[in-house]
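Quick look at entry-v1.pdb (PDB, C-alpha atoms and all ligand atoms):
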ATOM      1  CA  MET A   1       0.000   0.000   0.000
ATOM      2  CA  MET A   2       1.290   3.390  -0.925
ATOM      3  CA  ASN A   3       0.908   6.226   1.540
ATOM      4  CA  LEU A   4       0.803   9.750   0.235
ATOM      5  CA  ILE A   5       1.254  13.092   1.938
ATOM      6  CA  ASP A   6      -1.057  15.741   0.541
ATOM      7  CA  ALA A   7      -0.298  19.451   0.483
ATOM      8  CA  PRO A   8      -0.307  21.751   2.336
ATOM      9  CA  TRP A   9       3.039  20.567   3.674
ATOM     10  CA  THR A  10       4.803  21.702   6.829
ATOM     11  CA  ALA A  11       8.026  23.677   6.741
ATOM     12  CA  GLU A  12       9.861  20.573   7.900
ATOM     13  CA  GLN A  13       8.402  18.431   5.112
ATOM     14  CA  ILE A  14       9.239  21.098   2.536
ATOM     15  CA  GLU A  15      12.836  21.311   3.739
ATOM     16  CA  THR A  16      13.282  17.540   3.657
ATOM     17  CA  LEU A  17      11.769  17.206   0.187
ATOM     18  CA  ASN A  18      13.889  20.029  -1.187
ATOM     19  CA  ARG A  19      17.013  18.433   0.243
ATOM     20  CA  LEU A  20      16.083  15.350  -1.747
ATOM     21  CA  GLN A  21      15.656  17.528  -4.819
ATOM     22  CA  ARG A  22      19.111  19.038  -4.365
ATOM     23  CA  GLY A  23      20.701  15.611  -4.052
ATOM     24  CA  GLU A  24      21.582  16.093  -0.395
ATOM     25  CA  LEU A  25      19.616  13.003   0.568
ATOM     26  CA  TYR A  26      19.609   9.547  -0.898
ATOM     27  CA  GLY A  27      16.794   8.843  -3.352
ATOM     28  CA  HIS A  28      15.399   9.893  -6.686
ATOM     29  CA  PRO A  29      14.263  13.492  -6.959
ATOM     30  CA  TYR A  30      10.723  14.277  -8.063
ATOM     31  CA  THR A  31      10.911  15.491 -11.633
ATOM     32  CA  CYS A  32       8.501  17.248 -13.975
ATOM     33  CA  PRO A  33       6.553  14.925 -16.311
ATOM     34  CA  HIS A  34       6.984  17.487 -19.082
ATOM     35  CA  ARG A  35      10.771  17.670 -18.916
ATOM     36  CA  GLY A  36      11.071  15.569 -22.073
ATOM     37  CA  GLU A  37       8.759  17.805 -24.091
ATOM     38  CA  VAL A  38       9.999  21.301 -23.324
ATOM     39  CA  PRO A  39      13.417  22.551 -22.142
ATOM     40  CA  HIS A  40      13.943  22.271 -18.384
ATOM     41  CA  HIS A  41      16.996  23.432 -16.478
ATOM     42  CA  ASP A  42      19.370  21.220 -14.547
ATOM     43  CA  ASN A  43      19.648  22.144 -10.865
ATOM     44  CA  GLY A  44      22.964  20.333 -10.597
ATOM     45  CA  HIS A  45      21.319  17.078  -9.601
ATOM     46  CA  ASP A  46      18.798  16.299 -12.338
ATOM     47  CA  THR A  47      16.858  17.956 -15.128
ATOM     48  CA  GLY A  48      13.388  19.309 -14.420
ATOM     49  CA  CYS A  49      13.509  18.910 -10.644
ATOM     50  CA  LEU A  50      10.335  20.088  -8.952
ATOM     51  CA  LEU A  51      10.404  22.546  -6.064
ATOM     52  CA  ALA A  52       8.593  21.704  -2.828
ATOM     53  CA  THR A  53       6.377  24.526  -1.541
ATOM     54  CA  LYS A  54       3.614  24.838   1.047
ATOM     55  CA  ASP A  55       1.060  24.044  -1.654
ATOM     56  CA  GLY A  56       2.946  21.114  -3.154
ATOM     57  CA  TRP A  57       5.402  20.632  -5.986
ATOM     58  CA  VAL A  58       5.921  23.381  -8.529
ATOM     59  CA  CYS A  59       7.940  23.172 -11.717
ATOM     60  CA  PRO A  60       9.960  26.375 -12.090
ATOM     61  CA  ASP A  61      10.248  25.838 -15.828
ATOM     62  CA  CYS A  62       6.709  25.101 -17.032
ATOM     63  CA  GLY A  63       4.447  25.729 -14.048
ATOM     64  CA  TYR A  64       3.398  22.112 -13.535
ATOM     65  CA  THR A  65       2.031  21.470 -10.054
ATOM     66  CA  GLN A  66       1.501  18.318  -8.014
ATOM     67  CA  ASP A  67      -0.026  18.323  -4.544
ATOM     68  CA  TRP A  68       1.205  14.987  -3.231
ATOM     69  CA  ALA A  69       4.405  13.099  -2.475
ATOM     70  CA  HIS A  70       5.124   9.613  -1.204
ATOM     71  CA  ALA A  71       5.204   9.447   2.579
ATOM     72  CA  SER A  72       8.034   6.953   2.259
ATOM     73  CA  SER A  73      10.203   9.715   0.802
ATOM     74  CA  LEU A  74      10.296  11.376   4.211
ATOM     75  CA  GLU A  75      11.007   8.184   6.133
ATOM     76  CA  ALA A  76      13.566   6.672   3.795
ATOM     77  CA  MET A  77      15.585   9.817   3.714
ATOM     78  CA  SER A  78      16.384  10.184   7.393
ATOM     79  CA  LEU A  79      17.520   6.581   7.371
ATOM     80  CA  ALA A  80      19.624   7.203   4.293
ATOM     81  CA  ASP A  81      21.022  10.268   5.968
ATOM     82  CA  MET A  82      22.430   8.108   8.706
ATOM     83  CA  MET A  83      23.849   5.609   6.234
ATOM     84  CA  ARG A  84      25.500   8.446   4.371
ATOM     85  CA  LEU A  85      27.308   9.470   7.535
ATOM     86  CA  LEU A  86      28.417   5.909   8.190
ATOM     87  CA  SER A  87      29.762   5.479   4.681
ATOM     88  CA  ARG A  88      31.557   8.801   4.609
ATOM     89  CA  ARG A  89      34.928   7.165   5.192
ATOM     90  CA  GLN A  90      34.489   5.350   1.872
ATOM     91  CA  GLU A  91      34.518   8.622  -0.018
ATOM     92  CA  GLY A  92      37.531   9.206  -2.181
ATOM     93  CA  ALA A  93      36.962   5.985  -4.084
ATOM     94  CA  CYS A  94      34.983   7.877  -6.731
ATOM     95  CA  PRO A  95      36.275   7.763 -10.322
TER
HETATM   96 ZN    ZN B   1       8.040  21.351 -16.011
END
As structure tokens, please, write out the structure in this file.
Amino acid sequence: MMNLIDAPWTAEQIETLNRLQRGELYGHPYTCPHRGEVPHHDNGHDTGCLLATKDGWVCPDCGYTQDWAHASSLEAMSLADMMRLLSRRQEGACP
């Protein structure tokens, strides 16, 4: 079963989701469904990343909006955050 969080979102939820969008947390960012049809900018992490706001996702490039996210995104990320800290000593092995 898939749990969803509907907008409006709290400041804490917005911050967590935007950290995911910036690639600061482990997981796939939420991207605009129209990014393949019209030009969308790359935020340094992926192309067509949506922005989390109080009222839900907003695409800065085409105005697409989406008022839900997966609840698991919030849970998985804090866990991944911890794993990221634990695996920090492995950094430096990148190509
Ligand atoms: Zn878009």
### Message
Between A:Thr16, A:Asn43, A:Thr31, A:Thr53, which residue has the minimum interatomic distance to ligand ZN 1 (chain B), considering all atoms listed in the file?
### Response
A:Thr31
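Taking all atoms listed in the file into account, the protein and nucleic acid residues that come at most 8 Å from ligand ZN 1 (chain B) are A:Thr31, A:Cys32, A:Pro33, A:His34, A:Arg35, A:Val38, A:His40, A:Gly48, A:Leu50, A:Cys59, A:Pro60, A:Asp61, A:Cys62, A:Gly63, A:Tyr64.
Pairwise distance (atom CA of Tyr26 of chain A, atom CA of Asp42 of chain A) equals 18.0 Å.
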### Query
Just so the selection is clear, what residues does the PyMOL selection byres (((chain A and resi 70) around 7) and not hetatm) cover here, as a PyMOL selection string?
chain A and resi 3-5+68-69+71-73
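Atom CA of Met83 of chain A sits 27.5 Å away from atom CA of Asp6 of chain A.
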### Summary
atom CA of Pro29 of chain A sits from atom CA of Trp57 of chain A at a separation of 11.4 Å
### Task
Go through A:Tyr30, A:Glu12, A:Leu25, A:Ser87 one by one, measure the shortest atom-to-atom distance of each to Leu51 of chain A using all atoms listed in the file, and give the residue with the smallest value.
A:Tyr30
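The closest residue to Ile14 of chain A, picked from A:Asp67, A:Leu74, A:Val58, A:Ala52 and counting all atoms listed in the file, is A:Ala52.
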Using all atoms of segment 11-20 of chain A listed in the file and a margin of 4 Å per side, can you give the axis-aligned box centre and edge lengths in Å to one decimal, as AutoDock Vina command-line options?
--center_x 12.5 --center_y 19.5 --center_z 3.1 --size_x 17.0 --size_y 16.3 --size_z 17.6
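Distances from A:Met2, A:Ala7, A:Asp46, A:Gly36 to Gly23 of chain A were compared using all atoms listed in the file, and the smallest one belongs to A:Asp46.
Between Thr47 of chain A and the candidates A:Arg19, A:His28, A:Gln66, A:Ala11, the tightest atom-to-atom separation, counting only C-alpha atoms, involves A:His28.
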### Task
Rank nothing, just name the residue among A:Trp9, A:His41, A:Glu24, A:Leu17 nearest to Leu85 of chain A, using all atoms listed in the file.
A:Glu24
Since the input is missing atoms, can you rebuild N, CA and C atoms for segment 43-79 of chain A and write them as a PDB file, keeping the file's coordinate frame?
ATOM      1  N   ASN A  43      19.314  21.469 -12.129  1.00  0.00           N
ATOM      2  CA  ASN A  43      19.648  22.144 -10.865  1.00  0.00           C
ATOM      3  C   ASN A  43      20.970  21.640 -10.284  1.00  0.00           C
ATOM      4  N   GLY A  44      21.703  20.864 -11.076  1.00  0.00           N
ATOM      5  CA  GLY A  44      22.964  20.333 -10.597  1.00  0.00           C
ATOM      6  C   GLY A  44      22.826  18.899 -10.127  1.00  0.00           C
ATOM      7  N   HIS A  45      21.586  18.442 -10.049  1.00  0.00           N
ATOM      8  CA  HIS A  45      21.319  17.078  -9.601  1.00  0.00           C
ATOM      9  C   HIS A  45      20.585  16.302 -10.689  1.00  0.00           C
ATOM     10  N   ASP A  46      19.556  16.938 -11.264  1.00  0.00           N
ATOM     11  CA  ASP A  46      18.798  16.299 -12.338  1.00  0.00           C
ATOM     12  C   ASP A  46      18.082  17.394 -13.127  1.00  0.00           C
ATOM     13  N   THR A  47      17.572  16.997 -14.286  1.00  0.00           N
ATOM     14  CA  THR A  47      16.858  17.956 -15.128  1.00  0.00           C
ATOM     15  C   THR A  47      15.378  17.979 -14.757  1.00  0.00           C
ATOM     16  N   GLY A  48      14.819  19.184 -14.674  1.00  0.00           N
ATOM     17  CA  GLY A  48      13.388  19.309 -14.420  1.00  0.00           C
ATOM     18  C   GLY A  48      12.975  18.948 -13.007  1.00  0.00           C
ATOM     19  N   CYS A  49      13.853  19.187 -12.038  1.00  0.00           N
ATOM     20  CA  CYS A  49      13.509  18.910 -10.644  1.00  0.00           C
ATOM     21  C   CYS A  49      12.400  19.846 -10.180  1.00  0.00           C
ATOM     22  N   LEU A  50      11.424  19.281  -9.487  1.00  0.00           N
ATOM     23  CA  LEU A  50      10.335  20.088  -8.952  1.00  0.00           C
ATOM     24  C   LEU A  50      10.782  20.744  -7.651  1.00  0.00           C
ATOM     25  N   LEU A  51      10.130  21.848  -7.310  1.00  0.00           N
ATOM     26  CA  LEU A  51      10.404  22.546  -6.064  1.00  0.00           C
ATOM     27  C   LEU A  51       9.272  22.278  -5.082  1.00  0.00           C
ATOM     28  N   ALA A  52       9.618  21.914  -3.848  1.00  0.00           N
ATOM     29  CA  ALA A  52       8.593  21.704  -2.828  1.00  0.00           C
ATOM     30  C   ALA A  52       8.202  23.051  -2.228  1.00  0.00           C
ATOM     31  N   THR A  53       6.903  23.306  -2.166  1.00  0.00           N
ATOM     32  CA  THR A  53       6.377  24.526  -1.541  1.00  0.00           C
ATOM     33  C   THR A  53       5.252  24.116  -0.600  1.00  0.00           C
ATOM     34  N   LYS A  54       4.713  25.093   0.122  1.00  0.00           N
ATOM     35  CA  LYS A  54       3.614  24.838   1.047  1.00  0.00           C
ATOM     36  C   LYS A  54       2.437  24.166   0.329  1.00  0.00           C
ATOM     37  N   ASP A  55       2.208  24.553  -0.895  1.00  0.00           N
ATOM     38  CA  ASP A  55       1.060  24.044  -1.654  1.00  0.00           C
ATOM     39  C   ASP A  55       1.370  22.829  -2.509  1.00  0.00           C
ATOM     40  N   GLY A  56       2.579  22.294  -2.383  1.00  0.00           N
ATOM     41  CA  GLY A  56       2.946  21.114  -3.154  1.00  0.00           C
ATOM     42  C   GLY A  56       4.107  21.396  -4.083  1.00  0.00           C
ATOM     43  N   TRP A  57       4.314  20.469  -5.029  1.00  0.00           N
ATOM     44  CA  TRP A  57       5.402  20.632  -5.986  1.00  0.00           C
ATOM     45  C   TRP A  57       5.054  21.683  -7.031  1.00  0.00           C
ATOM     46  N   VAL A  58       6.070  22.429  -7.438  1.00  0.00           N
ATOM     47  CA  VAL A  58       5.921  23.381  -8.529  1.00  0.00           C
ATOM     48  C   VAL A  58       7.115  23.215  -9.453  1.00  0.00           C
ATOM     49  N   CYS A  59       6.846  23.195 -10.754  1.00  0.00           N
ATOM     50  CA  CYS A  59       7.940  23.172 -11.717  1.00  0.00           C
ATOM     51  C   CYS A  59       8.299  24.601 -12.076  1.00  0.00           C
ATOM     52  N   PRO A  60       9.550  24.994 -11.805  1.00  0.00           N
ATOM     53  CA  PRO A  60       9.960  26.375 -12.090  1.00  0.00           C
ATOM     54  C   PRO A  60      10.044  26.660 -13.586  1.00  0.00           C
ATOM     55  N   ASP A  61      10.062  25.640 -14.395  1.00  0.00           N
ATOM     56  CA  ASP A  61      10.248  25.838 -15.828  1.00  0.00           C
ATOM     57  C   ASP A  61       8.939  25.888 -16.627  1.00  0.00           C
ATOM     58  N   CYS A  62       7.937  25.101 -16.235  1.00  0.00           N
ATOM     59  CA  CYS A  62       6.709  25.101 -17.032  1.00  0.00           C
ATOM     60  C   CYS A  62       5.457  25.326 -16.200  1.00  0.00           C
ATOM     61  N   GLY A  63       5.602  25.423 -14.877  1.00  0.00           N
ATOM     62  CA  GLY A  63       4.447  25.729 -14.048  1.00  0.00           C
ATOM     63  C   GLY A  63       3.626  24.521 -13.627  1.00  0.00           C
ATOM     64  N   TYR A  64       4.100  23.330 -13.958  1.00  0.00           N
ATOM     65  CA  TYR A  64       3.398  22.112 -13.535  1.00  0.00           C
ATOM     66  C   TYR A  64       3.308  22.060 -12.013  1.00  0.00           C
ATOM     67  N   THR A  65       2.177  21.616 -11.501  1.00  0.00           N
ATOM     68  CA  THR A  65       2.031  21.470 -10.054  1.00  0.00           C
ATOM     69  C   THR A  65       1.554  20.066  -9.710  1.00  0.00           C
ATOM     70  N   GLN A  66       1.896  19.641  -8.512  1.00  0.00           N
ATOM     71  CA  GLN A  66       1.501  18.318  -8.014  1.00  0.00           C
ATOM     72  C   GLN A  66       1.370  18.441  -6.504  1.00  0.00           C
ATOM     73  N   ASP A  67       0.218  18.049  -5.962  1.00  0.00           N
ATOM     74  CA  ASP A  67      -0.026  18.323  -4.544  1.00  0.00           C
ATOM     75  C   ASP A  67       0.157  17.114  -3.633  1.00  0.00           C
ATOM     76  N   TRP A  68       0.946  16.139  -4.100  1.00  0.00           N
ATOM     77  CA  TRP A  68       1.205  14.987  -3.231  1.00  0.00           C
ATOM     78  C   TRP A  68       2.639  14.494  -3.407  1.00  0.00           C
ATOM     79  N   ALA A  69       3.104  13.780  -2.414  1.00  0.00           N
ATOM     80  CA  ALA A  69       4.405  13.099  -2.475  1.00  0.00           C
ATOM     81  C   ALA A  69       4.245  11.784  -1.725  1.00  0.00           C
ATOM     82  N   HIS A  70       5.171  10.873  -1.923  1.00  0.00           N
ATOM     83  CA  HIS A  70       5.124   9.613  -1.204  1.00  0.00           C
ATOM     84  C   HIS A  70       5.605   9.821   0.224  1.00  0.00           C
ATOM     85  N   ALA A  71       4.820   9.327   1.174  1.00  0.00           N
ATOM     86  CA  ALA A  71       5.204   9.447   2.579  1.00  0.00           C
ATOM     87  C   ALA A  71       6.536   8.765   2.830  1.00  0.00           C
ATOM     88  N   SER A  72       6.799   7.706   2.076  1.00  0.00           N
ATOM     89  CA  SER A  72       8.034   6.953   2.259  1.00  0.00           C
ATOM     90  C   SER A  72       9.265   7.803   1.938  1.00  0.00           C
ATOM     91  N   SER A  73       9.081   8.832   1.129  1.00  0.00           N
ATOM     92  CA  SER A  73      10.203   9.715   0.802  1.00  0.00           C
ATOM     93  C   SER A  73      10.755  10.348   2.074  1.00  0.00           C
ATOM     94  N   LEU A  74       9.872  10.732   2.974  1.00  0.00           N
ATOM     95  CA  LEU A  74      10.296  11.376   4.211  1.00  0.00           C
ATOM     96  C   LEU A  74      10.977  10.390   5.146  1.00  0.00           C
ATOM     97  N   GLU A  75      10.450   9.180   5.218  1.00  0.00           N
ATOM     98  CA  GLU A  75      11.007   8.184   6.133  1.00  0.00           C
ATOM     99  C   GLU A  75      12.341   7.629   5.630  1.00  0.00           C
ATOM    100  N   ALA A  76      12.368   7.276   4.358  1.00  0.00           N
ATOM    101  CA  ALA A  76      13.566   6.672   3.795  1.00  0.00           C
ATOM    102  C   ALA A  76      14.759   7.613   3.871  1.00  0.00           C
ATOM    103  N   MET A  77      14.481   8.882   3.798  1.00  0.00           N
ATOM    104  CA  MET A  77      15.585   9.817   3.714  1.00  0.00           C
ATOM    105  C   MET A  77      16.355   9.976   5.009  1.00  0.00           C
ATOM    106  N   SER A  78      15.651  10.010   6.150  1.00  0.00           N
ATOM    107  CA  SER A  78      16.384  10.184   7.393  1.00  0.00           C
ATOM    108  C   SER A  78      17.268   8.961   7.646  1.00  0.00           C
ATOM    109  N   LEU A  79      16.752   7.805   7.244  1.00  0.00           N
ATOM    110  CA  LEU A  79      17.520   6.581   7.371  1.00  0.00           C
ATOM    111  C   LEU A  79      18.753   6.646   6.467  1.00  0.00           C
TER     112      LEU A  79
END
